[in-house]
Structure formats: C-alpha cells, structure tokens
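Data first, discussion second: the structure below is written as structure tokens.
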Amino acid sequence: MIYFNKHLAFLYYEMAIADENLNLEEKEEIFKIINAVKIFDHSEEEKEEMYGVLRVAIADKLNSEQAFKSFEKYYYENNTFFDDSLKAQILEALDGIALASHGRNKSESVFYSRLFLLFEK
C-alpha cells in the first residue's frame, strides 16, 4: 500500500502545481485530504510516507509532468487495483485541491482531463 500512497501523493502534488504555483490553500487542502478518513483511511505510517513524498517533491521542485509520468507508470502496472470507486475518490480529492484556491484554472483542468482519460483506458 505504501507504493500506492507514494503515487497518490504525486498526484496531489501535481494538481497543486499544475499552474506552476503551489499556494497555501492548496497545501492545506492536500493535508486535509491525507488526514480525511472519509476519503482514504491512511495509517499513520502511510500519512508520513505521503508527507515525505510531498516534502521531497516540493524541495526538489519536481515538475508536474514528472509527477504524472510516475503515476501513469504505476497505474498501468497496477490497473486492476483501481476500481471505479477508487478512481472516483481520487478524482474528487484532486478536484478539492483544484478548487481550494480561486477555483479550477485551465492548467488544472487539463491535468484533471488527462487523469480522467487515463482512468478510462
């Protein structure tokens, strides 16, 4: 499950930096989602792993395309794990990040669409 959470953290990060601007509202929404038992029931170890991924991605200024490619590769290797309910929960969480700061912009909409199309394959 740790690898799934790592790649999920990359998705959260990518949505937040899709417009090349990571703001406080988006960071707060990511941490709120990670801690929200109603969406994903992450153990403390999984939460720490996700926070670690986010800290490294932010410190290294990982670009959004690198983050997406990492998740895309993981998705293709583990697509049977992603049922419709999980896909919907991921998209809902990402939408929350996009809407956290002044609504979804064009870059975030493009990323959301790319992920939606990936999930349709």
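Residues in the structure tokens are numbered from 1 in each chain, the chains being A, B, ... in the order shown, and ligands are numbered from 1 in the order shown.
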- Spatial neighbours of A:Arg104, max dist 12 Å, only C-alpha atoms, sep filter under 2 positions, as a VMD selection string: chain A and resid 15 to 19 26 94 to 102 106 to 113
- Task: Find the residues around A:Glu65 up to 9 Å (only C-alpha atoms counted), leave out those fewer than 4 positions away in its own chain, and share them as a list of chain:residue names.
- Result: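 Contacts, in chain order: A:Glu14, A:Ala18, A:Lys69, A:Ser70.
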Preceding selection exported with C-alpha atoms as an mmCIF file, in the first residue's frame:
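So selection_39.cif came out as:
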data_model
loop_
_atom_site.group_PDB
_atom_site.id
_atom_site.type_symbol
_atom_site.label_atom_id
_atom_site.label_comp_id
_atom_site.auth_asym_id
_atom_site.auth_seq_id
_atom_site.Cartn_x
_atom_site.Cartn_y
_atom_site.Cartn_z
ATOM 1 C CA GLU A 14 0.775 17.618 -9.492
ATOM 2 C CA ALA A 18 -0.387 22.284 -12.466
ATOM 3 C CA LYS A 69 4.521 10.084 -15.598
ATOM 4 C CA SER A 70 5.361 8.437 -12.287
#
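With only C-alpha atoms as the atoms that count, the minimum distance from A:Ala88 to the choices A:Leu24, A:Leu62, A:Leu115, A:Ile33 is reached by A:Leu115.
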- Task: Point out the residue among A:Tyr3, A:Phe119, A:Phe31, A:Phe10 with the least atom-to-atom distance to A:Asp84, counting only C-alpha atoms.
- Result: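 Looking only at the distances to A:Asp84, the closest residue turns out to be A:Phe119.
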- Message: With distances taken over only C-alpha atoms, which residue among A:Ala67, A:Ala36, A:Leu8, A:Leu86 lies nearest A:Met50?
- Response: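 Nearest candidate to A:Met50 out of A:Ala67, A:Ala36, A:Leu8, A:Leu86: A:Leu8.
Shortest atom-to-atom contact with A:Lys47 among A:Ser85, A:Asn21, A:Asn5, A:Asn79: A:Asn5, counting only C-alpha atoms.
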- Item | Atom pair atom CA of A:Leu91 / atom CA of A:His7: separation (Å) |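 Answer for the atom CA of A:Leu91 to atom CA of A:His7 separation: 13.9 Å.
Checking A:Glu72, A:Ser43, A:Gln66, A:Ala57 one by one against A:Arg114, counting only C-alpha atoms, you find the shortest gap at A:Glu72.
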- Item | Distance criterion (only C-alpha atoms): nearest to A:Asn63 out of A:Thr80, A:Glu29, A:Gly103, A:Tyr13 |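 Closest to A:Asn63, using only C-alpha atoms: A:Tyr13.
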- Message: If you run DSSP on the backbone here, which positions in stretch 15-49 of chain A get alpha helix (DSSP H)? Please write them as a PyMOL selection string.
- Response: chain A and resi 15-17+24-35+44-49
- Query: Just how far from atom CA of A:Val56 is atom CA of A:Phe68, in Å to one decimal?
  - Reply: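 Separation of atom CA of A:Phe68 and atom CA of A:Val56: 15.5 Å.
Interatomic distance, atom CA of A:Glu45 against atom CA of A:Tyr12: 17.8 Å.
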